[in-house]
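Trainee: Supplied structure: final-v2.txt, compact mmCIF, C-alpha atoms.
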```txt
# COMPACT_ATOMS: atom_id res chain seq x y z
CA MET A 1 0.00 0.00 0.00
CA THR A 2 2.86 2.33 0.90
CA ARG A 3 4.52 1.60 -2.44
CA LEU A 4 1.27 2.31 -4.22
CA TRP A 5 0.88 5.73 -2.56
CA LYS A 6 4.54 6.49 -3.26
CA SER A 7 4.05 5.62 -6.93
CA ILE A 8 0.97 7.81 -7.10
CA GLU A 9 2.82 10.67 -5.41
CA GLU A 10 5.71 10.36 -7.86
CA LYS A 11 3.29 10.42 -10.78
CA ASP A 12 1.50 13.45 -9.32
CA SER A 13 4.83 15.20 -8.75
CA ASN A 14 5.93 14.48 -12.30
CA SER A 15 2.59 15.74 -13.61
CA ILE A 16 2.94 18.92 -11.57
CA LEU A 17 6.50 19.43 -12.81
CA ILE A 18 5.42 18.83 -16.38
CA SER A 19 2.51 21.25 -15.92
CA LEU A 20 4.80 23.85 -14.36
CA ASP A 21 7.35 23.43 -17.13
CA PHE A 22 4.65 23.71 -19.78
CA GLY A 23 3.25 26.75 -18.03
CA MET A 24 6.68 28.38 -17.96
CA GLN A 25 7.11 27.70 -21.67
CA ILE A 26 3.74 29.28 -22.45
CA LYS A 27 4.65 32.24 -20.24
CA ASN A 28 8.04 32.68 -21.97
CA ILE A 29 6.39 32.51 -25.39
CA PHE A 30 3.81 35.09 -24.30
CA LEU A 31 6.50 37.39 -22.91
CA LYS A 32 8.55 37.07 -26.11
CA LEU A 33 5.50 37.89 -28.23
CA LEU A 34 4.67 40.83 -25.97
CA LEU A 35 8.25 42.12 -26.19
CA LEU A 36 8.31 41.66 -29.96
CA SER A 37 5.02 43.53 -30.27
CA LEU A 38 6.33 46.34 -28.06
CA LEU A 39 9.57 46.62 -30.02
CA THR A 40 7.67 46.62 -33.30
CA THR A 41 5.37 49.36 -32.02
CA LEU A 42 8.29 51.45 -30.79
CA ASP A 43 10.17 50.89 -34.02
CA SER A 44 7.12 51.87 -36.06
CA TYR A 45 6.65 54.99 -33.93
CA HIS A 46 10.34 55.86 -34.32
CA LEU A 47 10.13 55.31 -38.07
CA LEU A 48 6.99 57.43 -38.28
CA SER A 49 8.59 60.25 -36.31
CA GLN A 50 11.72 60.10 -38.44
CA THR A 51 10.03 59.89 -41.82
CA LYS A 52 7.01 62.06 -41.10
CA GLY A 53 7.29 64.01 -37.88
CA ASN A 54 10.78 65.25 -38.63
CA GLU A 55 10.64 65.01 -42.41
CA SER A 56 9.90 68.72 -42.62
CA ASN A 57 13.27 69.36 -41.05
CA LYS A 58 15.18 66.57 -42.77
CA THR A 59 18.60 67.74 -43.99
CA LEU A 60 19.84 64.57 -45.70
CA PRO A 61 17.81 63.72 -48.82
CA LEU A 62 17.58 60.07 -49.82
CA SER A 63 18.59 58.61 -53.18
CA GLY A 64 15.78 58.81 -55.74
CA GLU A 65 13.86 61.61 -54.00
CA ILE A 66 12.87 64.80 -55.82
CA TRP A 67 13.84 67.98 -53.96
CA TYR A 68 13.50 71.66 -54.86
CA VAL A 69 15.82 74.66 -54.91
CA THR A 70 15.08 77.27 -52.22
CA SER A 71 17.34 80.15 -53.19
CA PRO A 72 15.99 83.28 -54.97
CA ARG A 73 19.45 83.93 -56.43
CA GLY A 74 19.67 80.38 -57.75
CA LEU A 75 21.84 77.46 -56.68
CA ASN A 76 25.19 76.53 -58.19
CA LEU A 77 25.53 72.90 -59.23
CA ARG A 78 29.23 72.11 -58.77
CA SER A 79 31.57 69.47 -60.20
CA THR A 80 32.89 68.39 -56.80
CA PRO A 81 31.60 68.82 -53.21
CA SER A 82 33.31 72.16 -52.68
CA GLU A 83 32.27 75.81 -52.88
CA LYS A 84 35.45 76.49 -54.87
CA SER A 85 34.89 73.83 -57.54
CA GLN A 86 33.70 74.44 -61.10
CA VAL A 87 30.06 75.43 -61.63
CA VAL A 88 28.37 72.83 -63.84
CA SER A 89 25.05 74.66 -64.01
CA LYS A 90 23.08 77.34 -62.17
CA LEU A 91 19.71 76.06 -60.99
CA PRO A 92 16.86 78.62 -60.78
CA ASN A 93 14.87 79.02 -57.58
CA LYS A 94 12.07 76.44 -57.24
CA SER A 95 13.59 74.12 -59.88
CA SER A 96 13.67 70.40 -59.08
CA VAL A 97 16.58 68.01 -58.70
CA LYS A 98 16.77 64.24 -58.36
CA ILE A 99 18.90 63.00 -55.49
CA LEU A 100 21.50 60.52 -56.72
CA LYS A 101 23.25 57.73 -54.88
CA GLN A 102 26.12 59.16 -52.86
CA ASN A 103 29.29 57.38 -54.00
CA GLN A 104 31.44 58.87 -51.26
CA GLU A 105 31.16 60.14 -47.72
CA LEU A 106 29.06 63.29 -47.46
CA VAL A 107 31.17 66.42 -47.13
CA GLN A 108 30.16 68.89 -44.42
CA ALA A 109 30.24 72.61 -45.16
CA LYS A 110 29.38 76.00 -43.70
CA ILE A 111 28.48 78.73 -46.20
CA LYS A 112 27.41 82.36 -45.76
CA PHE A 113 23.86 82.94 -46.92
CA LEU A 114 23.17 86.61 -46.08
CA ASP A 115 24.63 89.55 -44.21
CA ALA A 116 22.62 90.72 -41.22
CA ILE A 117 22.85 92.79 -38.07
CA THR A 118 22.51 91.84 -34.44
CA PRO A 119 19.41 93.52 -32.94
CA GLU A 120 19.89 96.15 -30.22
CA THR A 121 23.67 96.37 -30.80
CA ASN A 122 23.39 96.89 -34.59
CA LYS A 123 26.66 95.02 -35.00
CA PRO A 124 27.36 93.18 -38.30
CA ASN A 125 26.27 89.57 -38.36
CA GLN A 126 25.98 86.74 -40.88
CA ILE A 127 23.55 83.93 -41.49
CA LEU A 128 25.73 80.86 -41.94
CA LEU A 129 24.16 77.68 -43.25
CA GLU A 130 25.57 74.35 -42.10
CA GLY A 131 24.95 71.24 -44.17
CA THR A 132 26.37 68.72 -46.62
CA TRP A 133 27.07 68.50 -50.32
CA VAL A 134 24.76 66.00 -52.03
CA LYS A 135 25.00 64.62 -55.54
CA VAL A 136 22.00 65.51 -57.68
CA GLU A 137 20.82 65.53 -61.30
CA ASN A 138 18.95 68.26 -63.18
CA ASN A 139 18.07 68.10 -66.89
CA GLY A 140 20.72 65.47 -67.56
CA LYS A 141 23.49 67.32 -65.70
CA GLU A 142 24.98 65.84 -62.55
CA GLY A 143 26.78 67.73 -59.83
CA TYR A 144 26.84 68.63 -56.16
CA ALA A 145 24.34 70.91 -54.43
CA PHE A 146 24.42 72.37 -50.92
CA SER A 147 21.66 70.62 -48.91
CA PRO A 148 20.40 73.64 -46.84
CA LEU A 149 19.31 75.26 -50.12
CA LEU A 150 17.14 72.29 -51.05
CA SER A 151 13.67 71.44 -49.72
CA ARG A 152 11.49 68.34 -50.01
CA TYR A 153 8.41 70.59 -50.36
CA PRO A 154 7.33 71.56 -53.90
CA PRO A 155 7.16 75.29 -54.69
CA SER A 156 3.98 77.35 -54.51
CA ARG A 157 1.68 77.80 -57.49
CA ASN A 158 0.32 81.18 -58.64
CA ASP A 159 -3.21 80.31 -57.54
CA GLU A 160 -1.96 79.58 -53.99
CA PHE A 161 -1.40 83.26 -53.20
CA ARG A 162 -4.60 84.91 -52.02
CA THR A 163 -4.20 88.57 -50.99
CA GLY A 164 -0.77 90.09 -50.43
CA TYR A 165 1.40 87.56 -48.64
CA ASP A 166 -1.47 85.26 -47.75
CA ILE A 167 -0.24 81.82 -48.84
CA THR A 168 -2.74 79.79 -46.82
CA PRO A 169 -3.69 77.44 -49.72
CA TYR A 170 -0.03 76.58 -50.27
CA LEU A 171 0.66 75.86 -46.61
CA VAL A 172 -2.51 73.79 -46.36
CA ARG A 173 -1.31 71.66 -49.29
CA ILE A 174 2.29 70.99 -48.32
CA PHE A 175 1.71 70.48 -44.58
CA THR A 176 -1.62 68.63 -45.02
CA LEU A 177 -3.43 71.10 -42.77
CA LYS A 178 -7.07 70.71 -41.81
CA LYS A 179 -9.29 73.64 -40.86
CA ILE A 180 -10.34 73.31 -37.23
CA SER A 181 -12.19 76.61 -36.80
CA SER A 182 -13.45 79.61 -38.75
CA ASP A 183 -15.14 82.78 -37.56
CA LYS A 184 -16.28 86.16 -38.87
CA LYS A 185 -16.74 89.40 -36.97
CA GLN A 186 -18.12 92.73 -38.07
CA ILE A 187 -15.71 95.53 -37.15
CA ALA A 188 -16.80 99.19 -36.96
CA GLU A 189 -14.18 101.94 -36.60
CA ASP A 190 -13.51 105.45 -37.97
CA GLN A 191 -16.98 105.62 -39.55
CA THR A 192 -16.29 102.49 -41.59
CA SER A 193 -17.16 98.85 -41.09
CA TYR A 194 -15.69 95.66 -42.49
CA THR A 195 -15.63 91.92 -41.86
CA GLN A 196 -12.72 90.31 -40.07
CA ILE A 197 -12.12 86.62 -40.82
CA PHE A 198 -10.33 84.24 -38.43
CA GLU A 199 -9.17 80.80 -39.55
CA SER A 200 -7.24 78.09 -37.68
CA TYR A 201 -5.58 75.00 -39.16
CA LYS A 202 -3.69 72.04 -37.76
CA SER A 203 -1.94 68.92 -39.06
CA GLU A 204 -1.61 65.48 -37.48
CA LEU A 205 2.10 66.20 -37.02
CA GLY A 206 1.55 69.34 -34.93
CA VAL A 207 1.93 72.08 -37.56
CA THR A 208 -0.49 74.93 -36.76
CA LEU A 209 -1.58 77.97 -38.77
CA ASN A 210 -3.72 80.90 -37.61
CA VAL A 211 -4.82 83.48 -40.19
CA GLU A 212 -6.56 86.81 -39.63
CA GLN A 213 -7.85 88.62 -42.71
CA SER A 214 -9.96 91.76 -43.20
CA GLU A 215 -12.41 92.17 -46.05
CA ASN A 216 -11.86 95.86 -46.78
CA GLU A 217 -10.09 98.02 -49.35
CA TYR A 218 -6.71 97.51 -47.67
CA GLY A 219 -6.92 93.71 -47.45
CA TRP A 220 -5.00 93.73 -44.19
CA GLY A 221 -4.07 90.39 -42.69
CA LYS A 222 -1.53 88.41 -40.72
CA ALA A 223 -0.56 84.78 -40.25
CA VAL A 224 1.18 82.80 -37.52
CA LEU A 225 2.66 79.42 -38.42
CA PHE A 226 4.28 76.96 -36.02
CA LEU A 227 6.62 74.29 -37.39
CA PRO A 228 7.55 71.62 -34.82
CA ASN A 229 11.14 70.31 -34.84
CA TRP A 230 12.33 72.82 -37.45
CA LYS A 231 15.59 74.74 -37.18
CA LEU A 232 15.45 78.52 -37.37
CA GLU A 233 17.79 78.70 -40.36
CA THR A 234 15.82 76.04 -42.28
CA ALA A 235 12.57 77.97 -41.80
CA PHE A 236 14.26 81.25 -42.76
CA VAL A 237 15.63 79.89 -46.06
CA PHE A 238 12.32 78.23 -46.90
CA PHE A 239 10.24 81.41 -46.48
CA TYR A 240 12.90 83.63 -48.01
CA SER A 241 12.56 81.48 -51.13
CA ILE A 242 8.76 81.85 -51.16
CA PHE A 243 8.51 85.63 -50.74
CA SER A 244 11.65 86.83 -52.53
CA SER A 245 12.43 87.39 -56.20
CA PRO A 246 15.94 87.32 -57.79
CA ASP A 247 16.21 91.12 -57.62
CA PHE A 248 14.76 91.37 -54.10
CA LYS A 249 17.05 93.31 -51.78
CA ILE A 250 16.46 92.33 -48.21
CA LYS A 251 16.21 95.23 -45.74
CA ASP A 252 16.46 95.58 -42.00
CA LEU A 253 17.56 91.96 -41.53
CA SER A 254 18.25 91.24 -37.86
CA TYR A 255 19.46 87.82 -36.76
CA ILE A 256 20.55 85.89 -33.69
CA LYS A 257 21.88 82.41 -34.44
CA GLU A 258 19.39 79.61 -33.71
CA THR A 259 17.17 82.12 -31.86
CA SER A 260 15.46 84.77 -34.00
CA ALA A 261 15.39 86.62 -37.32
CA GLU A 262 13.30 89.42 -38.81
CA TYR A 263 13.22 91.52 -41.98
CA SER A 264 10.96 93.75 -44.09
CA LEU A 265 9.04 92.16 -46.95
CA ASP A 266 8.41 95.48 -48.69
CA GLU A 267 8.47 99.27 -48.35
CA ILE A 268 5.22 99.62 -46.35
CA PRO A 269 6.78 97.87 -44.40
CA ASN A 270 5.24 94.46 -43.89
CA THR A 271 7.59 92.29 -41.86
CA ILE A 272 8.22 88.62 -41.25
CA SER A 273 9.72 87.28 -38.04
CA PHE A 274 11.08 83.92 -36.89
CA ARG A 275 11.30 82.77 -33.28
CA LYS A 276 12.90 79.50 -32.17
CA ASN A 277 12.09 77.64 -28.95
CA LYS A 278 12.69 74.10 -27.68
CA THR A 279 9.85 72.58 -29.70
CA GLY A 280 10.09 74.36 -33.04
CA VAL A 281 9.91 77.64 -34.95
CA THR A 282 7.10 80.23 -34.99
CA ILE A 283 6.86 82.39 -38.11
CA GLU A 284 4.67 85.50 -38.15
CA TRP A 285 4.09 87.84 -41.08
CA ALA A 286 1.61 90.49 -42.23
CA TRP A 287 0.31 92.13 -45.39
CA GLY A 288 -1.55 95.31 -46.21
CA ALA A 289 -0.19 97.08 -43.11
CA ASP A 290 -0.93 100.77 -42.58
```
What would the structure in this file look like if it were written as structure tokens?
Mentor:
Amino acid sequence: MTRLWKSIEEKDSNSILISLDFGMQIKNIFLKLLLLSLLTTLDSYHLLSQTKGNESNKTLPLSGEIWYVTSPRGLNLRSTPSEKSQVVSKLPNKSSVKILKQNQELVQAKIKFLDAITPETNKPNQILLEGTWVKVENNGKEGYAFSPLLSRYPPSRNDEFRTGYDITPYLVRIFTLKKISSDKKQIAEDQTSYTQIFESYKSELGVTLNVEQSENEYGWGKAVLFLPNWKLETAFVFFYSIFSSPDFKIKDLSYIKETSAEYSLDEIPNTISFRKNKTGVTIEWAWGAD
């Protein structure tokens, strides 16, 4: 009888051990699947943030991509990755280039873009652009272009300018903005009355745009755009390309590296300003000013 109970106990013990071992295996498999799922989610989130969230501020184009020149004075396509090398071709502002496979290590460079002054002290200053030389192709000609003067965003179309410097349709298109609010108010002042329009837009990636526009003979308006993760200099070059023509002579340009910049868009003067903080760049500009 004792042997019988002992045999039963041994069988029960073995069954328990087998059950525990099986349970541990199931648990390990579950934990591995959970970890794999977590890593996949994190990797997908990282990829999304890199390819979408920060794509607006991306400084290294990828092979095969189409990018666009953002320099009103044009961009020199050079034979080698150097500012002193031979000019193969001069690319007009807003022209497109195809990014080619980089056959050698990317060369870093720092090039002066514009002369400026330091606000308050009025001391001479310079906007220096830091980036790399990338190999590109334009109309069958290959050469090297300076990356800070290229943008992944296509240029504006003529029908994307509303009144003055109101480029809301263009910004809505390239940043995939959705209108989140719209309002109208009747304004009465100086024996005149007009309608003031307020519009707000936002993208899934955190880009915001607020536009205020008056429906009167002056067409006054202003816009405030926030670009998350952008550098000040990147935003400056991008908007300088939009609002400037080849013969445009910039006036009253003040600049503090990685902090702020401001200049007059015209003789009125309407101005545009750039302010950098930890999360991105805020750009504010007006049109039809008194």
Trainee: Choose the residue, out of A:Ile117, A:Val207, A:Ile111, A:Ala188, that has the smallest atom-to-atom separation from Glu262 (chain A); count only C-alpha atoms.
Mentor: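 Checking each candidate against Glu262 (chain A), we get A:Ile117 as the closest.
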Trainee: Using all atoms listed in the file, find the one residue out of A:Val69, A:Val211, A:Leu77, A:Ala261 that sits nearest to Gly143 (chain A).
Mentor: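 Counting all atoms listed in the file, the residue closest to Gly143 (chain A) is A:Leu77.
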Trainee: Check the smallest atom-to-atom distance from each of A:Leu177, A:Phe236, A:Lys251, A:Thr80 to Ser273 (chain A) using only C-alpha atoms, then report the winner.
Mentor: A:Phe236
Trainee: Counting all atoms listed in the file, what is within 7 Å of Leu75 (chain A), bar same-chain residues fewer than 3 positions away, as a list in words?
Mentor: Val69, Ser71, Lys90, Leu91 and Pro92 of chain A
Trainee: Considering all atoms listed in the file, can you say which of A:Phe161, A:Tyr153, A:Phe248, A:Tyr201 comes closest to Trp67 (chain A)?
Mentor: A:Tyr153
Trainee: Please provide as a list in words all residues within 12 Å of Gln108 (chain A), with the sequence filter that same-chain residues fewer than 6 positions apart are discarded (counting all atoms listed in the file).
Mentor: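 Non-adjacent residues within range: Thr59, Leu60, Pro81, Ser82, Glu83, Leu129, Glu130, Gly131, Thr132, Trp133, Val134, Ala145, Phe146, Ser147 and Pro148 of chain A.
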Trainee: Just give me the residues with any atom within 9 Å of (18.6, 82.9, -32.0), file coordinates, counting only C-alpha atoms, written as a list in words.
Mentor: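 Residues with an atom at most 9 Å from (18.6, 82.9, -32.0): Leu232, Tyr255, Ile256, Lys257, Glu258, Thr259, Ser260, Ala261, Arg275, Lys276 and Asn277 of chain A.
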Trainee: Could you please take those selected residues and save C-alpha atoms as a PDB file, in the coordinates of the input?
Mentor:
```
ATOM      1  CA  LEU A 232      15.450  78.520 -37.370  1.00  0.00           C
ATOM      2  CA  TYR A 255      19.460  87.820 -36.760  1.00  0.00           C
ATOM      3  CA  ILE A 256      20.550  85.890 -33.690  1.00  0.00           C
ATOM      4  CA  LYS A 257      21.880  82.410 -34.440  1.00  0.00           C
ATOM      5  CA  GLU A 258      19.390  79.610 -33.710  1.00  0.00           C
ATOM      6  CA  THR A 259      17.170  82.120 -31.860  1.00  0.00           C
ATOM      7  CA  SER A 260      15.460  84.770 -34.000  1.00  0.00           C
ATOM      8  CA  ALA A 261      15.390  86.620 -37.320  1.00  0.00           C
ATOM      9  CA  ARG A 275      11.300  82.770 -33.280  1.00  0.00           C
ATOM     10  CA  LYS A 276      12.900  79.500 -32.170  1.00  0.00           C
ATOM     11  CA  ASN A 277      12.090  77.640 -28.950  1.00  0.00           C
TER      12      ASN A 277
END
```
Trainee: Interatomic distance between CA of Gly280 (chain A) and CA of Leu227 (chain A)?
Mentor: 5.6 Å
Trainee: From the options A:Val88, A:Ile180, A:Ala116, A:Val237, which residue's atoms come nearest to Leu253 (chain A), counting all atoms listed in the file?
Mentor: A:Ala116
Trainee: What is the CA of Glu142 (chain A)-CA of Ser85 (chain A) distance in Å, reported with one decimal?
Mentor: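 Atom-to-atom, CA of Glu142 (chain A) and CA of Ser85 (chain A) are spaced 13.7 Å apart.
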Trainee: To one decimal place in Å, what is the distance between CA of Ser244 (chain A) and CA of Leu114 (chain A)?
Mentor: 13.2 Å
Trainee: May I ask which of the residues A:Glu284, A:Glu105, A:Glu120, A:Glu160 is the closest one to Phe226 (chain A), counting only C-alpha atoms?
Mentor: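 Of A:Glu284, A:Glu105, A:Glu120, A:Glu160, the one nearest Phe226 (chain A), counting only C-alpha atoms, is A:Glu284.
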Trainee: Pick out the residues sitting within 12 Å of Thr208 (chain A), and hand them over as a PDB file with C-alpha atoms, in the coordinates of the input; count only C-alpha atoms, and ignore anything fewer than 2 positions along from it in its own chain.
Mentor:
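out.pdb written:
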```pdb
ATOM      1  CA  THR A 168      -2.740  79.790 -46.820  1.00  0.00           C
ATOM      2  CA  LEU A 171       0.660  75.860 -46.610  1.00  0.00           C
ATOM      3  CA  VAL A 172      -2.510  73.790 -46.360  1.00  0.00           C
ATOM      4  CA  PHE A 175       1.710  70.480 -44.580  1.00  0.00           C
ATOM      5  CA  THR A 176      -1.620  68.630 -45.020  1.00  0.00           C
ATOM      6  CA  LEU A 177      -3.430  71.100 -42.770  1.00  0.00           C
ATOM      7  CA  LYS A 178      -7.070  70.710 -41.810  1.00  0.00           C
ATOM      8  CA  LYS A 179      -9.290  73.640 -40.860  1.00  0.00           C
ATOM      9  CA  ILE A 180     -10.340  73.310 -37.230  1.00  0.00           C
ATOM     10  CA  SER A 181     -12.190  76.610 -36.800  1.00  0.00           C
ATOM     11  CA  GLU A 199      -9.170  80.800 -39.550  1.00  0.00           C
ATOM     12  CA  SER A 200      -7.240  78.090 -37.680  1.00  0.00           C
ATOM     13  CA  TYR A 201      -5.580  75.000 -39.160  1.00  0.00           C
ATOM     14  CA  LYS A 202      -3.690  72.040 -37.760  1.00  0.00           C
ATOM     15  CA  SER A 203      -1.940  68.920 -39.060  1.00  0.00           C
ATOM     16  CA  GLU A 204      -1.610  65.480 -37.480  1.00  0.00           C
ATOM     17  CA  LEU A 205       2.100  66.200 -37.020  1.00  0.00           C
ATOM     18  CA  GLY A 206       1.550  69.340 -34.930  1.00  0.00           C
ATOM     19  CA  ASN A 210      -3.720  80.900 -37.610  1.00  0.00           C
ATOM     20  CA  VAL A 211      -4.820  83.480 -40.190  1.00  0.00           C
ATOM     21  CA  ALA A 223      -0.560  84.780 -40.250  1.00  0.00           C
ATOM     22  CA  VAL A 224       1.180  82.800 -37.520  1.00  0.00           C
ATOM     23  CA  LEU A 225       2.660  79.420 -38.420  1.00  0.00           C
ATOM     24  CA  PHE A 226       4.280  76.960 -36.020  1.00  0.00           C
ATOM     25  CA  LEU A 227       6.620  74.290 -37.390  1.00  0.00           C
ATOM     26  CA  PRO A 228       7.550  71.620 -34.820  1.00  0.00           C
ATOM     27  CA  GLY A 280      10.090  74.360 -33.040  1.00  0.00           C
ATOM     28  CA  VAL A 281       9.910  77.640 -34.950  1.00  0.00           C
ATOM     29  CA  THR A 282       7.100  80.230 -34.990  1.00  0.00           C
ATOM     30  CA  ILE A 283       6.860  82.390 -38.110  1.00  0.00           C
ATOM     31  CA  GLU A 284       4.670  85.500 -38.150  1.00  0.00           C
TER      32      GLU A 284
END
```
Trainee: Find the spatial neighbours of Gln186 (chain A), counting all atoms listed in the file, within a cut-off of 8 Å - ignore same-chain residues fewer than 6 positions away - and output them as a PyMOL selection string.
Mentor: chain A and resi 193-196
Trainee: Let me know the centre plus edge lengths, in Å and rounded to one decimal, of a box with edges along x, y and z that contains all listed atoms of region 92-108 of chain A and is padded by 6 Å on every side, as lines of an AutoDock Vina configuration file.
Mentor:
```
center_x = 21.8
center_y = 68.2
center_z = -52.6
size_x = 31.4
size_y = 33.6
size_z = 28.4
```
Trainee: List as a list in words the protein and nucleic acid residues near Lys141 (chain A), meaning an atom at most 8 Å away when all atoms listed in the file are counted, but skip any in the same chain fewer than 3 places from it.
Mentor: Val88, Ser89, Glu137 and Asn138 of chain A
